[in-house]
Amino acid sequence: MAKSFISTGIDIGSDSIKILVTTKKSSDGSTQVLVQNSEPAEGMRKGVVVKPQKVSNIIKSLVKKASQQIGRDINSVYVNLGGSHLFSTSSQGLISVSRADRKISQEDINRVLKEAKTFSLPSLKEVFDSFPKEFIIDGQEGIKEPLGLKGVRLEAKVLVLGAFSPYLENLTQSVLDADVQISDILASPLASARAVLSARERELGVIVIDIGAGNTGISVFEEGNLIHLNAFPIGSSNITNDIAIGLKTDIDIAEKIKKEYGTCKAGRDSKKKIEIEEKDLTFSKRDLVKIIEPRVKEIFEQVQNDLKEIGKDGTLPAGVVITGGGAKLPGIKDLAKDELGLPVKIGEAKGFVPAIEDTSWATACGLTQRGFDEREDKSFSPSWMKGIGSKIKNIFRIFIP
């Protein structure tokens with residue numbers, strides 16, 4: 001009897017490296033969690049791999065333990081690429097339809113997408129993913145599926161994702177040195193969005209804010225398309241640092257204070273004194289709010305500036321979905337609503353058994369779901385993206401050492 005298909009995601013983050021191994025339940029189609037483990041990260045800085053060998057050792061350890069747990073080898077994984085070096089830019093390509101009968105073929109679609117990705121980038125920057133937004137046939141805009149339609153000129157508008165080449169190389173090397181293959185690499189904000197968004201939210205217009213330890217990533221969707229992606233070098237570890245400085249205590253105690261008492265909004269008990277006896281430290285929740293709120297506001301200010309640049313501030317009907325470890329901070333939903341002027345909810349991964357309610361696992365969840373998307377030939381992107389992702393990956397694998 002053939003073994004069931006498993007999908008393995010490895011979330012390589014600033015604070016921890018996580019592995020999630022899943023399979024599909026045939027009874028109801030839900031995603032069954034087989035392994036969910038993590039280890040403290042080493043060799044990472046602000047979401048990027050700076051010491052590949054240290055990261056590789058952790059990945060190898062996680063994969064070995066997971067393989068033992070499920071009783072079979074794990075040969076390939078889906079991994080994330082994070083860090084503020086990530087960027088997105090729009091591009092456009094134009095070709096003449098090749099067939100004499102003017103019917104647009106798959107070859108024409110591939111050519112126009114390749115043309116759209118042909119542009120100059122600064123030194124040490126490279127494209128690692130792309131997403132068609134729409135096609136234009138003889139000036140007619142808004143076409144999603146051009147295959148088989150007739151025309152003379154075919155244009156494609158795409159969103160291109162890019163990265164700093166050395167960081168991308170470090171990531172790929174750290175995984176390959178752990179003796180596993182890379183099935184796909186997803187930008188961290190995109191992987192998180194895959195886990196927490198519904199198709200309706202992507203269609204209406206929504207922004208996902210993924211607050212990690214070292215970075216905050218955003219992804220914006222409209223009419224089912226990814227229209228913007230970015231990342232900022234501010235995360236929940238900055239809040240920990242601020243607490244350590246503000247309360248004049250060490251980092252470990254500051255992290256404990258953040259997790260146990262941290263909040264973005266002062267409540268009725270805000271004046272009540274909190275004592276940390278082992279450090280002879282006394283403070284109130286109001287003191288914490290004065291430290292935490294400015295930093296979280298800074299994150300949302302960065303997000304708002306990005307939305308203004310793409311003309312989407314205050315205009316996304318499905319609002320804001322906050323996920324990542326930073327989403328667990330009490331009061332963050334209300335603060336985001338005040339700062340961004342949109343409806344806000346906390347994003348948890350959907351469809352996992354047992355349920356994964358910890359928002360810090362959103363990226364890992366999205367990575368494993370990517371495996372089932374490919375297996376079932378259902379892309380996270382619109383139907384006209386089917387098959388394109390695999391072609392991009394095959395090209396990308398050529399450059400993996």
# chains A, B, ... in the order shown; residues from 1 in each chain; ligands from 1
>>> residues_around(residues="region 128-139 of chain A", least_positions_apart="3", cutoff="6 Å", atoms="only C-alpha atoms", output="PyMOL selection string")
chain A and resi 142-144+151+153-162
>>> write_last_selection(atoms="C-alpha atoms", output="short mmCIF file (atom, residue, chain, number, x, y, z; two decimals), in the first residue's frame")
data_model
loop_
_atom_site.label_atom_id
_atom_site.label_comp_id
_atom_site.auth_asym_id
_atom_site.auth_seq_id
_atom_site.Cartn_x
_atom_site.Cartn_y
_atom_site.Cartn_z
CA GLY A 142 -8.44 42.84 -16.60
CA ILE A 143 -8.10 39.43 -18.27
CA LYS A 144 -7.25 36.61 -15.87
CA GLY A 151 -5.45 38.71 -30.14
CA ARG A 153 -0.67 41.82 -28.72
CA LEU A 154 -0.42 40.17 -25.33
CA GLU A 155 0.71 42.09 -22.26
CA ALA A 156 1.23 40.86 -18.70
CA LYS A 157 1.38 42.86 -15.48
CA VAL A 158 3.25 41.01 -12.74
CA LEU A 159 4.38 41.55 -9.19
CA VAL A 160 8.00 40.47 -8.80
CA LEU A 161 9.52 39.48 -5.45
CA GLY A 162 13.22 40.07 -4.96
#
>>> residues_around(residues="Leu197 (chain A)", least_positions_apart="5", cutoff="9 Å", atoms="only C-alpha atoms", output="PyMOL selection string")
chain A and resi 192+202+206+208+321+347-350
>>> closest_atom_pairs(of="region 169-244 of chain A", to="region 53-73 of chain A", cutoff="6 Å", atoms="only C-alpha atoms", output="Markdown table")
| residue | atom | partner | partner_atom | distance |
| --- | --- | --- | --- | --- |
| A:Ser174 | CA | A:Ser56 | CA | 4.4 |
| A:Val175 | CA | A:Ser56 | CA | 5.8 |
| A:Ala178 | CA | A:Lys60 | CA | 4.7 |
>>> closest_residue(among="A:Thr323, A:Thr368, A:Ser4, A:Asn215", to="Val35 (chain A)", atoms="only C-alpha atoms")
A:Thr368
>>> atom_distance(atom1="CA of Asp28 (chain A)", atom2="CA of Glu222 (chain A)")
29.5 Å
>>> select_by_dssp(residues="region 191-288 of chain A", states="strand (DSSP E)", output="list in words")
Val206, Ile207, Val208, Ile209, Asp210, Ile211, Thr216, Gly217, Ile218, Ser219, Val220, Phe221, Glu222, Asn225, Leu226, Ile227, His228, Leu229, Asn230, Ala231, Phe232, Lys273, Ile274, Glu275, Ile276, Leu281, Thr282, Phe283 and Ser284 of chain A
>>> residues_around(residues="Arg111 (chain A)", least_positions_apart="2", cutoff="10 Å", atoms="only C-alpha atoms", output="number ranges by chain")
A: 93-97, 105-109, 113-116, 154, 156
>>> write_last_selection(atoms="C-alpha atoms", output="mmCIF file, in the first residue's frame")
data_model
loop_
_atom_site.group_PDB
_atom_site.id
_atom_site.type_symbol
_atom_site.label_atom_id
_atom_site.label_comp_id
_atom_site.auth_asym_id
_atom_site.auth_seq_id
_atom_site.Cartn_x
_atom_site.Cartn_y
_atom_site.Cartn_z
ATOM 1 C CA GLY A 93 5.855 42.568 -20.525
ATOM 2 C CA LEU A 94 4.612 42.795 -24.112
ATOM 3 C CA ILE A 95 4.804 40.279 -26.986
ATOM 4 C CA SER A 96 3.155 39.587 -30.330
ATOM 5 C CA VAL A 97 0.974 36.470 -30.410
ATOM 6 C CA SER A 105 -1.021 29.561 -26.520
ATOM 7 C CA GLN A 106 0.686 28.520 -23.273
ATOM 8 C CA GLU A 107 3.972 29.301 -25.015
ATOM 9 C CA ASP A 108 2.796 32.902 -25.555
ATOM 10 C CA ILE A 109 1.859 33.187 -21.879
ATOM 11 C CA LEU A 113 5.800 36.417 -18.312
ATOM 12 C CA LYS A 114 9.487 35.929 -19.046
ATOM 13 C CA GLU A 115 9.537 39.312 -20.777
ATOM 14 C CA ALA A 116 7.878 40.941 -17.745
ATOM 15 C CA LEU A 154 -0.419 40.166 -25.328
ATOM 16 C CA ALA A 156 1.230 40.861 -18.695
#
>>> residues_around(residues="Ala41 (chain A)", least_positions_apart="3", cutoff="10 Å", atoms="only C-alpha atoms", output="number ranges by chain")
A: 12-18, 38, 44-45, 49, 54-55, 58-59
>>> write_last_selection(atoms="N, CA and C atoms", output="short mmCIF file (atom, residue, chain, number, x, y, z; two decimals), in the first residue's frame")
data_model
loop_
_atom_site.label_atom_id
_atom_site.label_comp_id
_atom_site.auth_asym_id
_atom_site.auth_seq_id
_atom_site.Cartn_x
_atom_site.Cartn_y
_atom_site.Cartn_z
N ILE A 12 12.31 29.20 9.30
CA ILE A 12 13.62 29.62 9.81
C ILE A 12 13.50 31.07 10.27
N GLY A 13 13.35 31.26 11.57
CA GLY A 13 13.11 32.59 12.12
C GLY A 13 14.22 33.08 13.02
N SER A 14 14.12 34.32 13.45
CA SER A 14 15.15 34.93 14.28
C SER A 14 15.23 34.29 15.66
N ASP A 15 14.06 33.96 16.22
CA ASP A 15 13.99 33.46 17.59
C ASP A 15 14.03 31.95 17.67
N SER A 16 13.40 31.29 16.71
CA SER A 16 13.37 29.83 16.73
C SER A 16 13.27 29.29 15.30
N ILE A 17 13.62 28.02 15.16
CA ILE A 17 13.46 27.31 13.89
C ILE A 17 12.44 26.20 14.14
N LYS A 18 11.38 26.20 13.34
CA LYS A 18 10.25 25.30 13.57
C LYS A 18 10.12 24.31 12.42
N SER A 38 10.16 22.62 17.63
CA SER A 38 10.99 23.81 17.39
C SER A 38 12.23 23.76 18.26
N MET A 44 21.23 33.26 13.20
CA MET A 44 20.25 34.14 12.57
C MET A 44 20.40 35.57 13.09
N ARG A 45 20.08 36.52 12.23
CA ARG A 45 20.04 37.92 12.66
C ARG A 45 18.96 38.64 11.85
N VAL A 49 19.72 34.34 7.50
CA VAL A 49 20.77 33.39 7.89
C VAL A 49 22.13 34.06 7.72
N LYS A 54 25.48 26.78 11.39
CA LYS A 54 24.73 26.67 12.65
C LYS A 54 23.25 26.40 12.37
N VAL A 55 22.71 27.10 11.40
CA VAL A 55 21.31 26.89 11.03
C VAL A 55 21.12 25.48 10.48
N ILE A 58 20.81 22.79 13.15
CA ILE A 58 19.49 22.78 13.81
C ILE A 58 18.46 22.12 12.90
N ILE A 59 18.48 22.46 11.60
CA ILE A 59 17.53 21.85 10.65
C ILE A 59 17.73 20.35 10.61
#
>>> residues_around(residues="Phe372 (chain A)", least_positions_apart="3", cutoff="10 Å", atoms="only C-alpha atoms", output="list in words")
Phe5, Ile6, Ser7, Thr22, Thr23, Lys24, Thr31, Leu367, Thr368, Gln369, Arg375, Glu376, Asp377, Lys378 and Ser379 of chain A
>>> select_by_dssp(residues="region 2-241 of chain A", states="helix (DSSP H, G or I)", output="PDB file with N, CA and C atoms, in the first residue's frame")
ATOM      1  N   PRO A  52      25.328  29.935   8.088  1.00  0.00           N
ATOM      2  CA  PRO A  52      24.600  28.793   7.522  1.00  0.00           C
ATOM      3  C   PRO A  52      24.839  27.466   8.232  1.00  0.00           C
ATOM      4  N   GLN A  53      26.064  27.212   8.683  1.00  0.00           N
ATOM      5  CA  GLN A  53      26.355  25.920   9.291  1.00  0.00           C
ATOM      6  C   GLN A  53      25.592  25.714  10.596  1.00  0.00           C
ATOM      7  N   LYS A  54      25.484  26.779  11.391  1.00  0.00           N
ATOM      8  CA  LYS A  54      24.731  26.668  12.648  1.00  0.00           C
ATOM      9  C   LYS A  54      23.254  26.401  12.372  1.00  0.00           C
ATOM     10  N   VAL A  55      22.711  27.102  11.401  1.00  0.00           N
ATOM     11  CA  VAL A  55      21.308  26.890  11.028  1.00  0.00           C
ATOM     12  C   VAL A  55      21.120  25.480  10.479  1.00  0.00           C
ATOM     13  N   SER A  56      22.066  25.040   9.659  1.00  0.00           N
ATOM     14  CA  SER A  56      21.989  23.711   9.060  1.00  0.00           C
ATOM     15  C   SER A  56      21.968  22.619  10.126  1.00  0.00           C
ATOM     16  N   ASN A  57      22.771  22.779  11.166  1.00  0.00           N
ATOM     17  CA  ASN A  57      22.813  21.780  12.240  1.00  0.00           C
ATOM     18  C   ASN A  57      21.463  21.657  12.941  1.00  0.00           C
ATOM     19  N   ILE A  58      20.805  22.792  13.149  1.00  0.00           N
ATOM     20  CA  ILE A  58      19.487  22.777  13.805  1.00  0.00           C
ATOM     21  C   ILE A  58      18.459  22.118  12.897  1.00  0.00           C
ATOM     22  N   ILE A  59      18.477  22.462  11.599  1.00  0.00           N
ATOM     23  CA  ILE A  59      17.535  21.855  10.651  1.00  0.00           C
ATOM     24  C   ILE A  59      17.733  20.349  10.608  1.00  0.00           C
ATOM     25  N   LYS A  60      19.007  19.924  10.549  1.00  0.00           N
ATOM     26  CA  LYS A  60      19.308  18.485  10.491  1.00  0.00           C
ATOM     27  C   LYS A  60      18.764  17.769  11.726  1.00  0.00           C
ATOM     28  N   SER A  61      18.914  18.394  12.893  1.00  0.00           N
ATOM     29  CA  SER A  61      18.423  17.808  14.146  1.00  0.00           C
ATOM     30  C   SER A  61      16.896  17.697  14.133  1.00  0.00           C
ATOM     31  N   LEU A  62      16.224  18.766  13.688  1.00  0.00           N
ATOM     32  CA  LEU A  62      14.762  18.767  13.646  1.00  0.00           C
ATOM     33  C   LEU A  62      14.233  17.722  12.663  1.00  0.00           C
ATOM     34  N   VAL A  63      14.865  17.641  11.496  1.00  0.00           N
ATOM     35  CA  VAL A  63      14.418  16.681  10.479  1.00  0.00           C
ATOM     36  C   VAL A  63      14.642  15.251  10.961  1.00  0.00           C
ATOM     37  N   LYS A  64      15.777  14.999  11.586  1.00  0.00           N
ATOM     38  CA  LYS A  64      16.079  13.650  12.088  1.00  0.00           C
ATOM     39  C   LYS A  64      15.046  13.215  13.129  1.00  0.00           C
ATOM     40  N   LYS A  65      14.746  14.108  14.079  1.00  0.00           N
ATOM     41  CA  LYS A  65      13.764  13.775  15.128  1.00  0.00           C
ATOM     42  C   LYS A  65      12.376  13.566  14.529  1.00  0.00           C
ATOM     43  N   ALA A  66      12.017  14.416  13.572  1.00  0.00           N
ATOM     44  CA  ALA A  66      10.698  14.301  12.940  1.00  0.00           C
ATOM     45  C   ALA A  66      10.587  12.988  12.161  1.00  0.00           C
ATOM     46  N   SER A  67      11.660  12.620  11.463  1.00  0.00           N
ATOM     47  CA  SER A  67      11.664  11.359  10.708  1.00  0.00           C
ATOM     48  C   SER A  67      11.470  10.169  11.640  1.00  0.00           C
ATOM     49  N   GLN A  68      12.122  10.218  12.789  1.00  0.00           N
ATOM     50  CA  GLN A  68      11.974   9.143  13.767  1.00  0.00           C
ATOM     51  C   GLN A  68      10.549   9.073  14.308  1.00  0.00           C
ATOM     52  N   GLN A  69       9.933  10.254  14.499  1.00  0.00           N
ATOM     53  CA  GLN A  69       8.574  10.303  15.038  1.00  0.00           C
ATOM     54  C   GLN A  69       7.554   9.692  14.086  1.00  0.00           C
ATOM     55  N   ILE A  70       7.729   9.935  12.788  1.00  0.00           N
ATOM     56  CA  ILE A  70       6.734   9.439  11.826  1.00  0.00           C
ATOM     57  C   ILE A  70       7.143   8.114  11.192  1.00  0.00           C
ATOM     58  N   GLN A 106      -0.073  28.526 -24.532  1.00  0.00           N
ATOM     59  CA  GLN A 106       0.686  28.520 -23.273  1.00  0.00           C
ATOM     60  C   GLN A 106       2.096  29.055 -23.499  1.00  0.00           C
ATOM     61  N   GLU A 107       2.637  28.780 -24.675  1.00  0.00           N
ATOM     62  CA  GLU A 107       3.972  29.301 -25.015  1.00  0.00           C
ATOM     63  C   GLU A 107       3.962  30.827 -25.029  1.00  0.00           C
ATOM     64  N   ASP A 108       2.911  31.441 -25.560  1.00  0.00           N
ATOM     65  CA  ASP A 108       2.796  32.902 -25.555  1.00  0.00           C
ATOM     66  C   ASP A 108       2.744  33.439 -24.123  1.00  0.00           C
ATOM     67  N   ILE A 109       1.974  32.759 -23.281  1.00  0.00           N
ATOM     68  CA  ILE A 109       1.859  33.187 -21.879  1.00  0.00           C
ATOM     69  C   ILE A 109       3.214  33.110 -21.188  1.00  0.00           C
ATOM     70  N   ASN A 110       3.928  32.005 -21.415  1.00  0.00           N
ATOM     71  CA  ASN A 110       5.257  31.858 -20.811  1.00  0.00           C
ATOM     72  C   ASN A 110       6.216  32.937 -21.310  1.00  0.00           C
ATOM     73  N   ARG A 111       6.140  33.250 -22.606  1.00  0.00           N
ATOM     74  CA  ARG A 111       7.036  34.264 -23.174  1.00  0.00           C
ATOM     75  C   ARG A 111       6.773  35.645 -22.596  1.00  0.00           C
ATOM     76  N   VAL A 112       5.492  36.008 -22.456  1.00  0.00           N
ATOM     77  CA  VAL A 112       5.188  37.349 -21.960  1.00  0.00           C
ATOM     78  C   VAL A 112       5.549  37.479 -20.481  1.00  0.00           C
ATOM     79  N   LEU A 113       5.404  36.373 -19.721  1.00  0.00           N
ATOM     80  CA  LEU A 113       5.800  36.417 -18.312  1.00  0.00           C
ATOM     81  C   LEU A 113       7.317  36.533 -18.175  1.00  0.00           C
ATOM     82  N   LYS A 114       8.024  35.823 -19.048  1.00  0.00           N
ATOM     83  CA  LYS A 114       9.487  35.929 -19.046  1.00  0.00           C
ATOM     84  C   LYS A 114       9.915  37.346 -19.407  1.00  0.00           C
ATOM     85  N   GLU A 115       9.243  37.937 -20.366  1.00  0.00           N
ATOM     86  CA  GLU A 115       9.537  39.312 -20.777  1.00  0.00           C
ATOM     87  C   GLU A 115       9.290  40.288 -19.632  1.00  0.00           C
ATOM     88  N   ALA A 116       8.219  40.051 -18.858  1.00  0.00           N
ATOM     89  CA  ALA A 116       7.878  40.941 -17.745  1.00  0.00           C
ATOM     90  C   ALA A 116       8.920  40.882 -16.636  1.00  0.00           C
ATOM     91  N   SER A 165      20.893  38.679  -2.763  1.00  0.00           N
ATOM     92  CA  SER A 165      21.413  37.380  -3.216  1.00  0.00           C
ATOM     93  C   SER A 165      22.192  36.602  -2.151  1.00  0.00           C
ATOM     94  N   PRO A 166      23.137  37.233  -1.421  1.00  0.00           N
ATOM     95  CA  PRO A 166      23.884  36.459  -0.414  1.00  0.00           C
ATOM     96  C   PRO A 166      22.995  35.838   0.660  1.00  0.00           C
ATOM     97  N   TYR A 167      21.929  36.530   1.067  1.00  0.00           N
ATOM     98  CA  TYR A 167      21.024  35.967   2.075  1.00  0.00           C
ATOM     99  C   TYR A 167      20.242  34.790   1.517  1.00  0.00           C
ATOM    100  N   LEU A 168      19.853  34.889   0.251  1.00  0.00           N
ATOM    101  CA  LEU A 168      19.157  33.782  -0.398  1.00  0.00           C
ATOM    102  C   LEU A 168      20.086  32.576  -0.524  1.00  0.00           C
ATOM    103  N   GLU A 169      21.332  32.822  -0.875  1.00  0.00           N
ATOM    104  CA  GLU A 169      22.322  31.740  -0.984  1.00  0.00           C
ATOM    105  C   GLU A 169      22.568  31.089   0.378  1.00  0.00           C
ATOM    106  N   ASN A 170      22.674  31.901   1.438  1.00  0.00           N
ATOM    107  CA  ASN A 170      22.874  31.361   2.786  1.00  0.00           C
ATOM    108  C   ASN A 170      21.720  30.455   3.195  1.00  0.00           C
ATOM    109  N   LEU A 171      20.505  30.881   2.876  1.00  0.00           N
ATOM    110  CA  LEU A 171      19.332  30.084   3.228  1.00  0.00           C
ATOM    111  C   LEU A 171      19.361  28.738   2.508  1.00  0.00           C
ATOM    112  N   THR A 172      19.548  28.762   1.190  1.00  0.00           N
ATOM    113  CA  THR A 172      19.539  27.521   0.426  1.00  0.00           C
ATOM    114  C   THR A 172      20.660  26.588   0.875  1.00  0.00           C
ATOM    115  N   GLN A 173      21.829  27.166   1.155  1.00  0.00           N
ATOM    116  CA  GLN A 173      22.952  26.337   1.570  1.00  0.00           C
ATOM    117  C   GLN A 173      22.709  25.682   2.921  1.00  0.00           C
ATOM    118  N   SER A 174      22.095  26.431   3.851  1.00  0.00           N
ATOM    119  CA  SER A 174      21.844  25.881   5.187  1.00  0.00           C
ATOM    120  C   SER A 174      20.870  24.708   5.129  1.00  0.00           C
ATOM    121  N   VAL A 175      19.909  24.750   4.207  1.00  0.00           N
ATOM    122  CA  VAL A 175      18.948  23.649   4.080  1.00  0.00           C
ATOM    123  C   VAL A 175      19.583  22.463   3.366  1.00  0.00           C
ATOM    124  N   LEU A 176      20.262  22.712   2.250  1.00  0.00           N
ATOM    125  CA  LEU A 176      20.867  21.623   1.483  1.00  0.00           C
ATOM    126  C   LEU A 176      21.958  20.902   2.276  1.00  0.00           C
ATOM    127  N   SER A 188       8.342  34.874   3.678  1.00  0.00           N
ATOM    128  CA  SER A 188       7.648  34.654   4.955  1.00  0.00           C
ATOM    129  C   SER A 188       6.259  35.288   5.008  1.00  0.00           C
ATOM    130  N   PRO A 189       6.103  36.566   4.584  1.00  0.00           N
ATOM    131  CA  PRO A 189       4.759  37.159   4.652  1.00  0.00           C
ATOM    132  C   PRO A 189       3.731  36.430   3.786  1.00  0.00           C
ATOM    133  N   LEU A 190       4.191  35.849   2.670  1.00  0.00           N
ATOM    134  CA  LEU A 190       3.291  35.121   1.779  1.00  0.00           C
ATOM    135  C   LEU A 190       2.890  33.784   2.393  1.00  0.00           C
ATOM    136  N   ALA A 191       3.848  33.101   3.035  1.00  0.00           N
ATOM    137  CA  ALA A 191       3.541  31.826   3.691  1.00  0.00           C
ATOM    138  C   ALA A 191       2.533  32.030   4.815  1.00  0.00           C
ATOM    139  N   SER A 192       2.711  33.074   5.610  1.00  0.00           N
ATOM    140  CA  SER A 192       1.772  33.355   6.702  1.00  0.00           C
ATOM    141  C   SER A 192       0.383  33.656   6.165  1.00  0.00           C
ATOM    142  N   ALA A 193       0.335  34.449   5.101  1.00  0.00           N
ATOM    143  CA  ALA A 193      -0.954  34.786   4.496  1.00  0.00           C
ATOM    144  C   ALA A 193      -1.658  33.533   3.989  1.00  0.00           C
ATOM    145  N   ARG A 194      -0.900  32.595   3.437  1.00  0.00           N
ATOM    146  CA  ARG A 194      -1.481  31.339   2.938  1.00  0.00           C
ATOM    147  C   ARG A 194      -2.216  30.608   4.051  1.00  0.00           C
ATOM    148  N   ALA A 195      -1.706  30.719   5.271  1.00  0.00           N
ATOM    149  CA  ALA A 195      -2.284  29.977   6.390  1.00  0.00           C
ATOM    150  C   ALA A 195      -3.505  30.657   6.999  1.00  0.00           C
ATOM    151  N   VAL A 196      -3.551  31.980   6.983  1.00  0.00           N
ATOM    152  CA  VAL A 196      -4.564  32.680   7.791  1.00  0.00           C
ATOM    153  C   VAL A 196      -5.682  33.342   6.992  1.00  0.00           C
ATOM    154  N   ALA A 199     -10.303  32.815   0.923  1.00  0.00           N
ATOM    155  CA  ALA A 199     -10.395  33.284  -0.468  1.00  0.00           C
ATOM    156  C   ALA A 199     -11.212  34.576  -0.547  1.00  0.00           C
ATOM    157  N   ARG A 200     -12.240  34.686   0.271  1.00  0.00           N
ATOM    158  CA  ARG A 200     -13.083  35.888   0.268  1.00  0.00           C
ATOM    159  C   ARG A 200     -12.289  37.117   0.699  1.00  0.00           C
ATOM    160  N   GLU A 201     -11.465  36.956   1.724  1.00  0.00           N
ATOM    161  CA  GLU A 201     -10.646  38.083   2.192  1.00  0.00           C
ATOM    162  C   GLU A 201      -9.675  38.534   1.108  1.00  0.00           C
ATOM    163  N   ARG A 202      -9.062  37.583   0.411  1.00  0.00           N
ATOM    164  CA  ARG A 202      -8.124  37.930  -0.657  1.00  0.00           C
ATOM    165  C   ARG A 202      -8.842  38.630  -1.802  1.00  0.00           C
ATOM    166  N   GLU A 203     -10.072  38.248  -2.026  1.00  0.00           N
ATOM    167  CA  GLU A 203     -10.841  38.852  -3.108  1.00  0.00           C
ATOM    168  C   GLU A 203     -11.270  40.279  -2.747  1.00  0.00           C
ATOM    169  N   LEU A 204     -11.742  40.486  -1.543  1.00  0.00           N
ATOM    170  CA  LEU A 204     -12.237  41.796  -1.117  1.00  0.00           C
ATOM    171  C   LEU A 204     -11.122  42.833  -1.007  1.00  0.00           C
ATOM    172  N   SER A 236       9.094  41.822  17.480  1.00  0.00           N
ATOM    173  CA  SER A 236       8.800  41.719  18.908  1.00  0.00           C
ATOM    174  C   SER A 236      10.056  41.711  19.769  1.00  0.00           C
ATOM    175  N   SER A 237      11.206  41.353  19.197  1.00  0.00           N
ATOM    176  CA  SER A 237      12.448  41.413  19.988  1.00  0.00           C
ATOM    177  C   SER A 237      12.819  42.860  20.318  1.00  0.00           C
ATOM    178  N   ASN A 238      12.411  43.791  19.459  1.00  0.00           N
ATOM    179  CA  ASN A 238      12.648  45.215  19.763  1.00  0.00           C
ATOM    180  C   ASN A 238      11.858  45.638  20.991  1.00  0.00           C
ATOM    181  N   ILE A 239      10.654  45.076  21.149  1.00  0.00           N
ATOM    182  CA  ILE A 239       9.855  45.372  22.331  1.00  0.00           C
ATOM    183  C   ILE A 239      10.562  44.840  23.580  1.00  0.00           C
ATOM    184  N   THR A 240      11.103  43.630  23.486  1.00  0.00           N
ATOM    185  CA  THR A 240      11.864  43.061  24.605  1.00  0.00           C
ATOM    186  C   THR A 240      13.043  43.946  24.965  1.00  0.00           C
ATOM    187  N   ASN A 241      13.775  44.408  23.956  1.00  0.00           N
ATOM    188  CA  ASN A 241      14.923  45.293  24.209  1.00  0.00           C
ATOM    189  C   ASN A 241      14.492  46.588  24.890  1.00  0.00           C
TER     190      ASN A 241
END
